[in-house]
Structure formats: C-alpha cells, structure tokens
$ cat structure21.csv   # CSV, C-alpha atoms
chain,number,residue,atom,x,y,z
A,1,MET,CA,-31.3,1.4,-31.9
A,2,TYR,CA,-28.3,1.2,-29.5
A,3,LYS,CA,-28.2,5.0,-29.3
A,4,ASN,CA,-31.8,5.0,-28.1
A,5,ILE,CA,-31.0,2.4,-25.5
A,6,VAL,CA,-28.0,4.4,-24.3
A,7,GLU,CA,-30.2,7.5,-24.0
A,8,ILE,CA,-32.8,5.6,-22.0
A,9,ILE,CA,-30.2,4.2,-19.7
A,10,ILE,CA,-28.6,7.6,-19.1
A,11,VAL,CA,-32.0,9.3,-18.5
A,12,PHE,CA,-33.0,6.5,-16.1
A,13,ALA,CA,-29.7,6.6,-14.2
A,14,THR,CA,-29.7,10.4,-13.8
A,15,SER,CA,-33.3,10.4,-12.6
A,16,PHE,CA,-32.8,7.6,-10.1
A,17,SER,CA,-31.5,8.8,-6.8
A,18,PHE,CA,-30.5,7.2,-3.6
A,19,SER,CA,-31.9,7.9,-0.2
A,20,ASN,CA,-29.1,10.3,0.5
A,21,ALA,CA,-30.0,12.2,-2.6
A,22,ALA,CA,-26.8,11.3,-4.4
A,23,GLN,CA,-27.2,10.6,-8.1
A,24,LYS,CA,-25.7,7.6,-9.7
A,25,GLN,CA,-23.4,8.2,-12.6
A,26,VAL,CA,-23.3,6.1,-15.7
A,27,THR,CA,-20.1,5.8,-17.7
A,28,VAL,CA,-20.7,4.7,-21.3
A,29,MET,CA,-17.8,2.9,-22.8
A,30,PRO,CA,-18.3,2.5,-26.5
A,31,GLU,CA,-15.7,-0.2,-26.8
A,32,ALA,CA,-17.7,-2.4,-24.5
A,33,TRP,CA,-20.6,-2.8,-26.9
A,34,TYR,CA,-20.6,-6.2,-28.6
A,35,SER,CA,-22.4,-5.1,-31.7
A,36,SER,CA,-19.2,-4.4,-33.7
A,37,GLN,CA,-18.8,-6.0,-37.1
A,38,SER,CA,-15.3,-7.2,-36.2
A,39,ALA,CA,-15.0,-10.9,-35.4
A,40,THR,CA,-12.5,-10.2,-32.7
A,41,ALA,CA,-14.4,-7.4,-31.0
A,42,ARG,CA,-15.6,-9.4,-28.0
A,43,VAL,CA,-12.1,-10.7,-27.3
A,44,ASP,CA,-10.6,-7.2,-27.8
A,45,ASN,CA,-13.1,-5.9,-25.3
A,46,TYR,CA,-12.3,-8.7,-22.8
A,47,ILE,CA,-8.6,-7.8,-23.2
A,48,LEU,CA,-9.3,-4.1,-22.7
A,49,GLN,CA,-11.3,-4.8,-19.5
A,50,HIS,CA,-8.5,-7.1,-18.3
A,51,GLN,CA,-5.9,-4.4,-18.9
A,52,ARG,CA,-8.0,-1.9,-17.0
A,53,GLN,CA,-8.5,-4.2,-14.1
A,54,PHE,CA,-4.8,-5.2,-14.1
A,55,GLU,CA,-3.7,-1.5,-14.2
A,56,GLN,CA,-6.1,-0.7,-11.3
A,57,GLN,CA,-4.7,-3.6,-9.3
A,58,LEU,CA,-1.2,-2.3,-9.8
A,59,LYS,CA,-2.2,1.2,-8.7
A,60,ASP,CA,-3.9,-0.2,-5.6
A,61,ILE,CA,-0.8,-2.3,-4.7
A,62,ASP,CA,1.4,0.7,-5.3
A,63,GLN,CA,-0.8,2.8,-3.0
A,64,GLN,CA,-0.8,0.2,-0.3
A,65,LEU,CA,3.0,0.1,-0.4
A,66,GLU,CA,3.1,3.9,-0.1
A,67,ASP,CA,0.6,3.9,2.8
A,68,PHE,CA,2.7,1.3,4.6
A,69,ARG,CA,5.9,3.3,4.0
A,70,ASN,CA,4.2,6.5,5.4
A,71,SER,CA,2.7,4.6,8.4
A,72,TYR,CA,6.0,3.0,9.3
A,73,THR,CA,7.8,6.3,9.1
A,74,LEU,CA,5.2,8.0,11.2
A,75,ARG,CA,5.5,5.3,13.9
A,76,LEU,CA,9.3,5.8,13.9
A,77,SER,CA,8.8,9.5,14.4
A,78,VAL,CA,6.5,8.8,17.4
A,79,ILE,CA,9.2,6.6,18.9
A,80,GLU,CA,11.7,9.5,18.4
A,81,ALA,CA,9.3,11.8,20.3
A,82,TYR,CA,9.1,9.4,23.2
A,83,ASP,CA,12.9,9.2,23.3
A,84,GLN,CA,13.0,12.7,24.9
A,85,ILE,CA,10.2,11.9,27.2
A,86,VAL,CA,11.9,8.8,28.5
A,87,ALA,CA,15.2,10.8,29.0
A,88,ASP,CA,13.3,13.5,30.9
A,89,LYS,CA,11.6,10.9,33.2
A,90,LEU,CA,14.9,9.2,33.9
A,91,LYS,CA,16.5,12.5,34.8
A,92,GLU,CA,13.5,13.4,37.0
A,93,MET,CA,13.9,10.1,38.8
A,94,GLU,CA,17.6,10.7,39.3
A,95,ASN,CA,16.8,14.1,40.8
A,96,LYS,CA,14.4,12.4,43.3
A,97,PHE,CA,17.0,9.8,44.3
A,98,TYR,CA,19.8,12.3,45.0
A,99,PRO,CA,18.1,14.0,48.0
A,100,LEU,CA,17.2,10.5,49.4
A,101,GLU,CA,20.8,9.6,49.4
A,102,MET,CA,21.7,12.6,51.4
A,103,LEU,CA,19.2,12.0,54.2
A,104,ASN,CA,20.8,9.1,56.0
A,105,GLU,CA,22.5,5.7,55.7
A,106,VAL,CA,19.4,3.6,55.4
A,107,ASN,CA,18.1,5.6,52.5
A,108,ASP,CA,21.5,5.6,50.9
A,109,PHE,CA,21.7,1.8,51.2
A,110,CYS,CA,18.2,1.5,49.7
A,111,VAL,CA,18.9,3.8,46.8
A,112,GLU,CA,22.2,2.1,46.0
A,113,LYS,CA,20.4,-1.3,46.1
A,114,TYR,CA,18.0,-0.2,43.3
A,115,ARG,CA,20.0,2.3,41.4
A,116,ASP,CA,21.5,-0.4,39.1
A,117,LYS,CA,18.0,-1.4,38.0
A,118,ILE,CA,17.2,2.1,36.8
A,119,PRO,CA,18.8,2.7,33.4
A,120,ILE,CA,21.1,5.6,32.7
A,121,ALA,CA,19.6,8.3,30.5
A,122,HIS,CA,22.5,8.3,28.1
A,123,SER,CA,22.4,4.5,27.7
A,124,VAL,CA,18.7,4.6,27.0
A,125,LYS,CA,19.1,7.3,24.4
A,126,SER,CA,21.9,5.5,22.6
A,127,HIS,CA,20.0,2.2,22.6
A,128,LEU,CA,16.9,3.9,21.3
A,129,LYS,CA,18.8,5.6,18.5
A,130,GLU,CA,20.4,2.4,17.5
A,131,CYS,CA,17.0,0.7,17.4
A,132,MET,CA,15.6,3.5,15.3
A,133,ARG,CA,18.5,3.3,12.9
A,134,LYS,CA,18.0,-0.4,12.5
A,135,SER,CA,14.2,0.1,12.0
A,136,SER,CA,14.7,2.7,9.4
A,137,SER,CA,17.0,0.5,7.4
A,138,ALA,CA,14.6,-2.4,7.9
A,139,LEU,CA,11.9,-0.6,6.0
A,140,SER,CA,13.8,-0.9,2.7
A,141,VAL,CA,14.4,-4.6,3.4
A,142,MET,CA,10.7,-5.2,4.2
A,143,LEU,CA,9.5,-3.4,1.0
A,144,LYS,CA,12.1,-5.0,-1.3
A,145,ASN,CA,10.2,-8.2,-2.1
A,146,PRO,CA,6.8,-6.5,-2.6
A,147,GLU,CA,8.4,-3.8,-4.8
A,148,ASP,CA,10.2,-6.4,-6.8
A,149,THR,CA,7.0,-8.3,-7.3
A,150,LEU,CA,5.2,-5.2,-8.4
A,151,LYS,CA,8.0,-4.4,-10.8
A,152,ASN,CA,7.8,-8.0,-12.2
A,153,MET,CA,4.1,-7.7,-12.6
A,154,ARG,CA,4.4,-4.5,-14.6
A,155,ASN,CA,7.2,-6.0,-16.7
A,156,HIS,CA,5.0,-9.1,-17.4
A,157,PHE,CA,2.1,-6.9,-18.4
A,158,VAL,CA,4.2,-4.7,-20.7
A,159,ALA,CA,6.4,-7.3,-22.3
A,160,GLN,CA,4.8,-10.8,-22.2
A,161,PHE,CA,1.1,-10.1,-22.0
A,162,SER,CA,0.9,-7.2,-24.5
A,163,ASN,CA,3.3,-9.0,-26.9
A,164,GLY,CA,1.4,-12.2,-26.5
A,165,ILE,CA,-1.9,-10.6,-27.3
A,166,LYS,CA,-0.5,-8.8,-30.4
A,167,GLU,CA,0.9,-12.2,-31.6
A,168,CYS,CA,-2.5,-13.9,-31.0
A,169,LYS,CA,-4.3,-11.1,-32.9
A,170,ARG,CA,-1.8,-11.3,-35.8
A,171,LYS,CA,-2.2,-15.1,-36.1
A,172,PHE,CA,-5.9,-15.5,-35.5
A,173,GLU,CA,-7.6,-12.2,-36.2
A,174,LYS,CA,-10.1,-13.7,-38.6
A,175,ILE,CA,-10.9,-16.8,-36.5
A,176,GLU,CA,-12.6,-15.6,-33.3
A,177,ALA,CA,-12.6,-19.0,-31.5
A,178,LYS,CA,-8.9,-19.5,-32.0
A,179,TYR,CA,-8.2,-15.9,-31.1
A,180,HIS,CA,-10.2,-16.3,-27.9
A,181,SER,CA,-8.4,-19.5,-27.1
A,182,CYS,CA,-5.0,-18.0,-27.7
A,183,ALA,CA,-5.8,-14.8,-25.8
A,184,SER,CA,-7.0,-16.8,-22.8
A,185,VAL,CA,-3.7,-18.5,-22.3
A,186,VAL,CA,-1.4,-15.5,-22.6
$ encode --input "structure21.csv" --output "structure tokens"
Amino acid sequence: MYKNIVEIIIVFATSFSFSNAAQKQVTVMPEAWYSSQSATARVDNYILQHQRQFEQQLKDIDQQLEDFRNSYTLRLSVIEAYDQIVADKLKEMENKFYPLEMLNEVNDFCVEKYRDKIPIAHSVKSHLKECMRKSSSALSVMLKNPEDTLKNMRNHFVAQFSNGIKECKRKFEKIEAKYHSCASVV
C-alpha cells in the first residue's frame, strides 16, 4: 500500500510543473515512514531529522564564517590598492605646490601656511600599512569566538548528544514514551 502511495506522489510531483517550467523534485526518505514495527521508530526518525538539521546549521555557520573571512580580506586588498592612489595624489599635489613657491613671495607664504596641513606621502603610507597590519591581525581575533562556539557545538553534538541518545535507546528501547521523554531532554 505504501509503495503505491509513494508511486502516486512521485508521478504527481514529476508531472506538476511551475510557471517557469521547472519541475519539483521529491526525495523519498524511507527512514521517515512511521509504519515501522519498531516501538522506537518515530523517536529514531525524529533524532535523525534533528541530526540532519543540526549538521546543516553547522555547515551554514561554517559557510558564513568563511564568507566573512573572504569579504574582510577582499576589503583589505581594496584599501591596499587605494594606498598607491593616495600616494600618487599627494605626490601630484606636491608637484603643483613647488612651482607656486617659485613664483613670488606671496605664493610662497601661502604655500608654507598650508603645507603642514597636507600629509607627507611617506607618512601616509606608513600609517596605512600599520592600519592594514592591525586589521589583518584583528580578523583572527574577531573570528575566535564564533569559531570556538562552532567547535563547541560540534563537540556537543558528537559527544554529549550522540552518547545521550545511545544511552536513552539502551535504557528505554522497548518503552516508546520513556524513550521519547529521555531523547527530548538530551
């Protein structure tokens, strides 16, 4: 009977199409059927689905951390590219001031008055490199807590959750209600 239902669902799903002509795929998971003879089948299926969801969440978090790391590194490389542009602009400005100084005393006085407000190219480059060095080292500090949390979640899943579920199954395999109660608090 269940085989016929599965066939009907699969036929219906493959014949049904969306407006963009994409076909919906149906994945049949035999372990998700609740018709098993085992008293603990529903709890086992619940645990299996929980494990799958937890593993997917861990993968998503791991991907988010990797995306953040790549994005941060990319932004630092953009700053590094602007380093040269800023140095070139400062040099260009210096080259424009030099002829003004040579023209006469008034221009010389004006240039000297504002020259201190214009940073020196070497100084700008060194400050920018120092900022980039600090930013690069800050990445590992920023990611330390999220990576530690991810590691702790994985350890919890592998050690405490899996061992707790095995212990519940060992103790209450024949009594579904107690097994369900025990599994829900692990």
$ residues_around --input "structure21.csv" --residues "range 79-91 of chain A" --least-positions-apart "5" --cutoff "7 Å" --atoms "all atoms listed in the file" --output "list of chain:residue names"
A:Ala121, A:Lys125, A:Leu128
$ residues_around --input "structure21.csv" --residues "range 149-155 of chain A" --least-positions-apart "2" --cutoff "10 Å" --atoms "all atoms listed in the file" --output "ChimeraX atom specification"
/A:54-55,58-59,61-62,65,143-147,157-161
$ write_last_selection --input "structure21.csv" --atoms "C-alpha atoms" --output "PDB file, keeping the file's coordinate frame"
ATOM      1  CA  PHE A  54      -4.800  -5.200 -14.100  1.00  0.00           C
ATOM      2  CA  GLU A  55      -3.700  -1.500 -14.200  1.00  0.00           C
ATOM      3  CA  LEU A  58      -1.200  -2.300  -9.800  1.00  0.00           C
ATOM      4  CA  LYS A  59      -2.200   1.200  -8.700  1.00  0.00           C
ATOM      5  CA  ILE A  61      -0.800  -2.300  -4.700  1.00  0.00           C
ATOM      6  CA  ASP A  62       1.400   0.700  -5.300  1.00  0.00           C
ATOM      7  CA  LEU A  65       3.000   0.100  -0.400  1.00  0.00           C
ATOM      8  CA  LEU A 143       9.500  -3.400   1.000  1.00  0.00           C
ATOM      9  CA  LYS A 144      12.100  -5.000  -1.300  1.00  0.00           C
ATOM     10  CA  ASN A 145      10.200  -8.200  -2.100  1.00  0.00           C
ATOM     11  CA  PRO A 146       6.800  -6.500  -2.600  1.00  0.00           C
ATOM     12  CA  GLU A 147       8.400  -3.800  -4.800  1.00  0.00           C
ATOM     13  CA  PHE A 157       2.100  -6.900 -18.400  1.00  0.00           C
ATOM     14  CA  VAL A 158       4.200  -4.700 -20.700  1.00  0.00           C
ATOM     15  CA  ALA A 159       6.400  -7.300 -22.300  1.00  0.00           C
ATOM     16  CA  GLN A 160       4.800 -10.800 -22.200  1.00  0.00           C
ATOM     17  CA  PHE A 161       1.100 -10.100 -22.000  1.00  0.00           C
TER      18      PHE A 161
END
$ atom_distance --input "structure21.csv" --atom1 "CA of Ala41 in chain A" --atom2 "CA of Asn163 in chain A"
18.2 Å
$ closest_residue --input "structure21.csv" --among "A:Ser77, A:Val124, A:Tyr98, A:Lys178" --to "Glu112 in chain A" --atoms "only C-alpha atoms"
A:Tyr98
$ residues_around --input "structure21.csv" --residues "Glu176 in chain A" --least-positions-apart "3" --cutoff "9 Å" --atoms "only C-alpha atoms" --output "PyMOL selection string"
chain A and resi 39-43+172-173+179-181
$ closest_residue --input "structure21.csv" --among "A:Val106, A:Met132, A:Gly164, A:Lys174" --to "Arg75 in chain A" --atoms "all atoms listed in the file"
A:Met132
$ atom_distance --input "structure21.csv" --atom1 "CA of Asn70 in chain A" --atom2 "CA of Ser137 in chain A"
14.3 Å
$ closest_residue --input "structure21.csv" --among "A:Val186, A:Glu92, A:Ser135, A:Met142" --to "Ile120 in chain A" --atoms "only C-alpha atoms"
A:Glu92
$ closest_residue --input "structure21.csv" --among "A:Leu100, A:Ile47, A:Tyr72, A:Lys134" --to "Val185 in chain A" --atoms "all atoms listed in the file"
A:Ile47
$ atom_distance --input "structure21.csv" --atom1 "CA of Gln51 in chain A" --atom2 "CA of Lys166 in chain A"
13.4 Å
$ decode --input "structure21.csv" --residues "range 149-179 of chain A" --atoms "C-alpha atoms" --output "compact mmCIF listing (two decimals), in the first residue's frame"
# COMPACT_ATOMS: atom_id res chain seq x y z
CA THR A 149 31.35 28.38 19.53
CA LEU A 150 31.11 26.34 16.34
CA LYS A 151 33.74 23.93 17.68
CA ASN A 152 31.84 23.60 20.98
CA MET A 153 28.59 22.93 19.10
CA ARG A 154 30.28 20.19 17.08
CA ASN A 155 31.79 18.67 20.22
CA HIS A 156 28.40 18.77 21.95
CA PHE A 157 26.78 17.04 19.01
CA VAL A 158 29.44 14.34 18.74
CA ALA A 159 30.00 13.69 22.43
CA GLN A 160 27.02 14.64 24.57
CA PHE A 161 24.09 14.44 22.17
CA SER A 162 25.08 11.21 20.40
CA ASN A 163 26.13 9.47 23.60
CA GLY A 164 22.99 10.67 25.39
CA ILE A 165 20.77 9.31 22.62
CA LYS A 166 22.60 5.96 22.68
CA GLU A 167 22.13 5.79 26.44
CA CYS A 168 18.41 6.58 26.14
CA LYS A 169 17.99 3.91 23.49
CA ARG A 170 19.87 1.37 25.59
CA LYS A 171 17.72 2.06 28.66
CA PHE A 172 14.28 2.61 27.12
CA GLU A 173 14.30 0.89 23.73
CA LYS A 174 11.17 -1.14 24.49
CA ILE A 175 9.18 1.70 26.13
CA GLU A 176 8.50 4.36 23.49
CA ALA A 177 7.10 7.03 25.85
CA LYS A 178 10.11 6.90 28.17
CA TYR A 179 12.49 6.75 25.22
